[in-house]
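Colleague: Quick one: the structure is below, and I'll ask about it shortly.
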Amino acid sequence: AAPGRIHVHQQRLKTMPAELESATTVAGNTVTAASATAMSGGKLETLCVAIVDPISTGACLAKHLSSQGYRLCRVFSDTIPDSVKALVAAGLEVDWEVTIQHEGRVASTLAALRGVGVTHLLVGSEPGVSLHAELSAAFAGGAALSLPREALELRRNKYLQSEAIRSAGCDAVHQRLAHTHDDVEAFIHTIEASAAKRFKAVVKPVEGAGSDGVTICNSAAEVRLAFGKLEGTKNILGLDNYAVLCQEYLEGDEWVVDTVSRAGEHKVVALWKYD
């Protein structure tokens, strides 16, 4: 397919008035108006929600919305490998109205979403976070890149997230983003110089998910070994480990804070403490 072209796969048709049965062209591809608008009497029957990369736990979100009667559109980002697209547990399958494959151009994907009547946009899993951020900005009426590039990268890059915390004046983990063995040695030197009792560090993919590739290291040799195991590999999502994140080990309880943000308003919806 040509760069930026959107593939729209029709998966379910609705009965339409005759005047709406004409074909609609979306981003260079022809989609019937029946699958593109799902309208009756000129009004949307239900809200249409698009989910970007609805795999893994994102499939739970899709299943819940489907059970509530929402129409669903599936968007696959251009970074998600084909092998990962099928990571949907048995019993969580839903009927997608359409599937849109993003291939690099936000404007084209946005046109496809609007063409099929999407009213809301959610992200389903880690690979889709960056695309969701770009589409959300565009969907709200701004330019495709109205969010600064660094703001988009913050959503996936663990190194930048910690640096943002530091820039805000909060305590943040000591870390180094390692591209080379020299970077690793510089990090080791800092840990050795600052360690009051014993050497302990964490090495992990900079854009990984869960505990994939995470190693707790109790010596400089273990840090070097962990870096070597990650360098030039792919993470659990099938994405390249283009850099390795080396951080000091933080003692104490680990918490997860789940939040939801909309229009500048932020709400904490759950707090989790690891055993």
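By convention in this document, the chains of the structure tokens carry letters A, B, ... by their order, each chain's residues are numbered from 1, and ligands are numbered from 1 in the order they are shown.
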Could you pull out the helix (DSSP H, G or I) residues of segment 15-258 of chain A, going by DSSP on the backbone, and write them as JSON, numbers by chain?

Modeller: {"A": [18, 19, 20, 33, 34, 35, 36, 37, 57, 58, 59, 60, 61, 62, 63, 64, 65, 66, 67, 82, 83, 84, 106, 107, 108, 109, 110, 111, 112, 113, 114, 115, 126, 127, 128, 129, 130, 131, 132, 133, 134, 135, 136, 137, 138, 139, 149, 150, 151, 152, 153, 158, 159, 160, 161, 162, 163, 164, 165, 166, 167, 181, 182, 183, 184, 185, 186, 187, 188, 189, 190, 191, 192, 193, 194, 220, 221, 222, 223, 224, 225, 226, 227, 228, 229, 230]}

Colleague: Can you pull out the residues contacting Val203 of chain A? Cut-off 9 Å, using only C-alpha atoms, and skip same-chain residues under 2 positions away; I want them as a list in words.

Modeller: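 Returned residues: Ala201, Pro205, Gly213, Val214, Thr215, Ile216, Cys217, Val223, Ala226, Phe227, Val244, Leu245, Cys246, Gln247 and Glu248 of chain A.
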
Colleague: Put those residues in a file: C-alpha atoms, as a compact mmCIF listing (two decimals), in the first residue's frame.

Modeller:
# COMPACT_ATOMS: atom_id res chain seq x y z
CA ALA A 201 20.32 -1.00 40.12
CA PRO A 205 13.67 -1.28 28.11
CA GLY A 213 13.05 -7.22 30.18
CA VAL A 214 13.35 -5.73 33.67
CA THR A 215 16.41 -6.91 35.62
CA ILE A 216 17.40 -6.05 39.19
CA CYS A 217 21.19 -5.98 39.32
CA VAL A 223 24.30 -4.35 34.81
CA ALA A 226 21.49 -7.04 31.42
CA PHE A 227 22.36 -4.29 28.94
CA VAL A 244 18.23 0.70 27.53
CA LEU A 245 17.24 2.51 30.70
CA CYS A 246 19.57 2.17 33.70
CA GLN A 247 18.22 3.40 37.03
CA GLU A 248 19.12 3.30 40.69

Colleague: Using only C-alpha atoms, determine which residues lie at most 7 Å from Lys273 of chain A, disregarding the query and same-chain residues fewer than 3 positions distant; provide the list as a list of chain:residue names.

Modeller: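 My reading of the contact set: A:Glu254, A:Trp255, A:Val256.
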
Colleague: Considering only C-alpha atoms, return as a VMD selection string whatever protein or nucleic-acid residues lie within 12 Å of Gln175 of chain A, sequence-local ones (same chain, fewer than 5 positions apart) excluded.

Modeller: chain A and resid 158 to 163 166 183 to 184 186 to 191 201 to 204 206 244 to 250

Colleague: Store the residues of this selection in a file with N, CA, C and O atoms, as a compact mmCIF listing (two decimals), in the first residue's frame.

Modeller:
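File selection_11.txt, as written:
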# COMPACT_ATOMS: atom_id res chain seq x y z
N LYS A 158 9.98 5.97 29.39
CA LYS A 158 10.14 5.98 30.84
C LYS A 158 11.25 6.94 31.29
O LYS A 158 11.17 7.52 32.38
N TYR A 159 12.26 7.10 30.49
CA TYR A 159 13.33 8.04 30.82
C TYR A 159 12.79 9.46 30.86
O TYR A 159 13.03 10.22 31.81
N LEU A 160 12.05 9.84 29.83
CA LEU A 160 11.50 11.20 29.76
C LEU A 160 10.48 11.45 30.87
O LEU A 160 10.36 12.57 31.38
N GLN A 161 9.74 10.42 31.26
CA GLN A 161 8.76 10.57 32.34
C GLN A 161 9.45 10.96 33.65
O GLN A 161 9.01 11.87 34.36
N SER A 162 10.55 10.27 33.96
CA SER A 162 11.28 10.59 35.19
C SER A 162 11.92 11.98 35.12
O SER A 162 11.96 12.71 36.12
N GLU A 163 12.40 12.35 33.93
CA GLU A 163 12.99 13.67 33.78
C GLU A 163 11.94 14.77 33.91
O GLU A 163 12.21 15.87 34.41
N ARG A 166 11.47 15.33 37.52
CA ARG A 166 12.60 16.11 38.05
C ARG A 166 12.45 17.59 37.68
O ARG A 166 12.69 18.49 38.50
N ASP A 183 27.97 4.48 27.91
CA ASP A 183 26.88 5.00 28.73
C ASP A 183 26.67 4.12 29.97
O ASP A 183 26.42 4.63 31.07
N VAL A 184 26.74 2.82 29.76
CA VAL A 184 26.56 1.88 30.87
C VAL A 184 27.66 2.08 31.91
O VAL A 184 27.39 2.11 33.13
N ALA A 186 29.41 4.75 32.52
CA ALA A 186 29.20 6.02 33.23
C ALA A 186 28.14 5.87 34.31
O ALA A 186 28.27 6.42 35.42
N PHE A 187 27.07 5.12 34.00
CA PHE A 187 26.02 4.88 35.00
C PHE A 187 26.58 4.07 36.18
O PHE A 187 26.33 4.40 37.35
N ILE A 188 27.32 3.02 35.87
CA ILE A 188 27.90 2.18 36.92
C ILE A 188 28.79 3.01 37.85
O ILE A 188 28.74 2.88 39.08
N HIS A 189 29.58 3.88 37.27
CA HIS A 189 30.49 4.72 38.06
C HIS A 189 29.70 5.59 39.03
O HIS A 189 30.08 5.75 40.20
N THR A 190 28.58 6.14 38.56
CA THR A 190 27.76 7.00 39.41
C THR A 190 27.15 6.21 40.56
O THR A 190 27.12 6.68 41.71
N ILE A 191 26.65 5.02 40.27
CA ILE A 191 26.04 4.19 41.32
C ILE A 191 27.09 3.78 42.35
O ILE A 191 26.85 3.83 43.56
N ALA A 201 20.82 -1.83 41.23
CA ALA A 201 20.32 -1.00 40.12
C ALA A 201 19.27 -1.79 39.34
O ALA A 201 19.10 -3.00 39.51
N VAL A 202 18.56 -1.06 38.48
CA VAL A 202 17.53 -1.67 37.63
C VAL A 202 17.86 -1.35 36.18
O VAL A 202 18.16 -0.20 35.84
N VAL A 203 17.77 -2.36 35.34
CA VAL A 203 17.99 -2.20 33.89
C VAL A 203 16.74 -2.69 33.18
O VAL A 203 16.24 -3.78 33.46
N LYS A 204 16.23 -1.88 32.23
CA LYS A 204 14.98 -2.25 31.57
C LYS A 204 14.84 -1.52 30.23
O LYS A 204 15.53 -0.52 29.98
N VAL A 206 13.45 1.07 27.61
CA VAL A 206 12.97 2.43 27.86
C VAL A 206 11.51 2.59 27.48
O VAL A 206 10.82 3.46 28.00
N VAL A 244 18.48 1.43 26.28
CA VAL A 244 18.23 0.70 27.53
C VAL A 244 18.29 1.70 28.68
O VAL A 244 19.18 2.55 28.76
N LEU A 245 17.32 1.59 29.57
CA LEU A 245 17.24 2.51 30.70
C LEU A 245 17.90 1.90 31.93
O LEU A 245 17.53 0.80 32.37
N CYS A 246 18.88 2.60 32.48
CA CYS A 246 19.57 2.17 33.70
C CYS A 246 19.18 3.13 34.82
O CYS A 246 19.33 4.34 34.68
N GLN A 247 18.68 2.57 35.92
CA GLN A 247 18.22 3.40 37.03
C GLN A 247 18.72 2.85 38.36
O GLN A 247 18.97 1.65 38.51
N GLU A 248 18.83 3.77 39.33
CA GLU A 248 19.12 3.30 40.69
C GLU A 248 17.91 2.51 41.20
O GLU A 248 16.78 2.71 40.76
N TYR A 249 18.15 1.61 42.12
CA TYR A 249 17.06 0.83 42.71
C TYR A 249 16.45 1.63 43.85
O TYR A 249 17.16 2.13 44.73
N LEU A 250 15.14 1.78 43.83
CA LEU A 250 14.45 2.56 44.86
C LEU A 250 13.86 1.61 45.90
O LEU A 250 13.04 0.74 45.58

Colleague: Choose the residue, out of A:Val269, A:Val75, A:Val257, A:Ile51, that has the smallest atom-to-atom separation from His102 of chain A; count only C-alpha atoms.

Modeller: A:Val75

Colleague: Can you work out which one of A:Leu65, A:Ala209, A:Ile165, A:Val268 has the shortest atom-to-atom distance to Lys234 of chain A, counting only C-alpha atoms?

Modeller: A:Ala209

Colleague: Once DSSP has gone over the backbone, tell me which residues of segment 120-255 of chain A are in strand (DSSP E), as a VMD selection string.

Modeller: chain A and resid 120 to 123 175 to 178 201 to 205 215 to 217 244 to 248 255

Colleague: Can you tell me how far atom CA of Glu134 of chain A sits from atom CA of Tyr70 of chain A, in Å to one decimal?

Modeller: 23.2 Å

Colleague: Can you measure atom CA of Ile80 of chain A to atom CA of Pro127 of chain A for me? One decimal in Å is fine.

Modeller: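 These atoms are spaced 5.9 Å apart.
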
Colleague: Which residues, written as a PyMOL selection string, have at least one atom at most 9 Å from Lys85 of chain A, with only C-alpha atoms counted and residues fewer than 3 positions away on the same chain left out?

Modeller: chain A and resi 53-55+76+80-82+88

Colleague: Using only C-alpha atoms, what does the table of segment 121-224 of chain A residues within 8 Å of segment 104-113 of chain A look like, with each row giving the shortest atom pair and its distance in Å to one decimal, sorted by chain and ascending number, as a tab-separated table?

Modeller:
residue	atom	partner	partner_atom	distance
A:Glu134	CA	A:Val106	CA	7.2
A:Leu135	CA	A:Val106	CA	6.5
A:Ala138	CA	A:Leu110	CA	7.3
A:Phe139	CA	A:Leu110	CA	6.9
A:Ala144	CA	A:Val106	CA	6.2

Colleague: Would you mind exporting all heavy atoms of the selected residues as a compact mmCIF listing (two decimals), in the first residue's frame?

Modeller:
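Produced file part-v3.txt, reproduced below:
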# COMPACT_ATOMS: atom_id res chain seq x y z
N GLU A 134 -1.79 11.63 19.25
CA GLU A 134 -1.81 12.46 18.04
C GLU A 134 -3.22 12.56 17.46
O GLU A 134 -3.66 13.64 17.06
CB GLU A 134 -0.86 11.87 17.00
CG GLU A 134 0.60 11.95 17.39
CD GLU A 134 1.52 11.56 16.25
OE1 GLU A 134 1.83 12.43 15.41
OE2 GLU A 134 1.94 10.38 16.20
N LEU A 135 -3.93 11.44 17.43
CA LEU A 135 -5.29 11.45 16.89
C LEU A 135 -6.22 12.27 17.77
O LEU A 135 -7.10 12.98 17.27
CB LEU A 135 -5.82 10.02 16.76
CG LEU A 135 -5.22 9.17 15.65
CD1 LEU A 135 -5.72 7.73 15.75
CD2 LEU A 135 -5.56 9.74 14.28
N ALA A 138 -5.77 15.90 17.02
CA ALA A 138 -6.37 16.23 15.74
C ALA A 138 -7.90 16.14 15.80
O ALA A 138 -8.61 16.95 15.22
CB ALA A 138 -5.83 15.29 14.66
N PHE A 139 -8.39 15.15 16.52
CA PHE A 139 -9.84 14.93 16.62
C PHE A 139 -10.53 16.11 17.28
O PHE A 139 -11.67 16.44 16.96
CB PHE A 139 -10.09 13.65 17.42
CG PHE A 139 -11.40 13.00 17.14
CD1 PHE A 139 -11.56 12.17 16.05
CD2 PHE A 139 -12.49 13.20 17.97
CE1 PHE A 139 -12.76 11.56 15.78
CE2 PHE A 139 -13.71 12.59 17.72
CZ PHE A 139 -13.85 11.76 16.62
N ALA A 144 -2.51 18.11 13.56
CA ALA A 144 -2.12 16.75 13.92
C ALA A 144 -1.00 16.73 14.95
O ALA A 144 -0.91 15.83 15.76
CB ALA A 144 -1.69 15.99 12.67
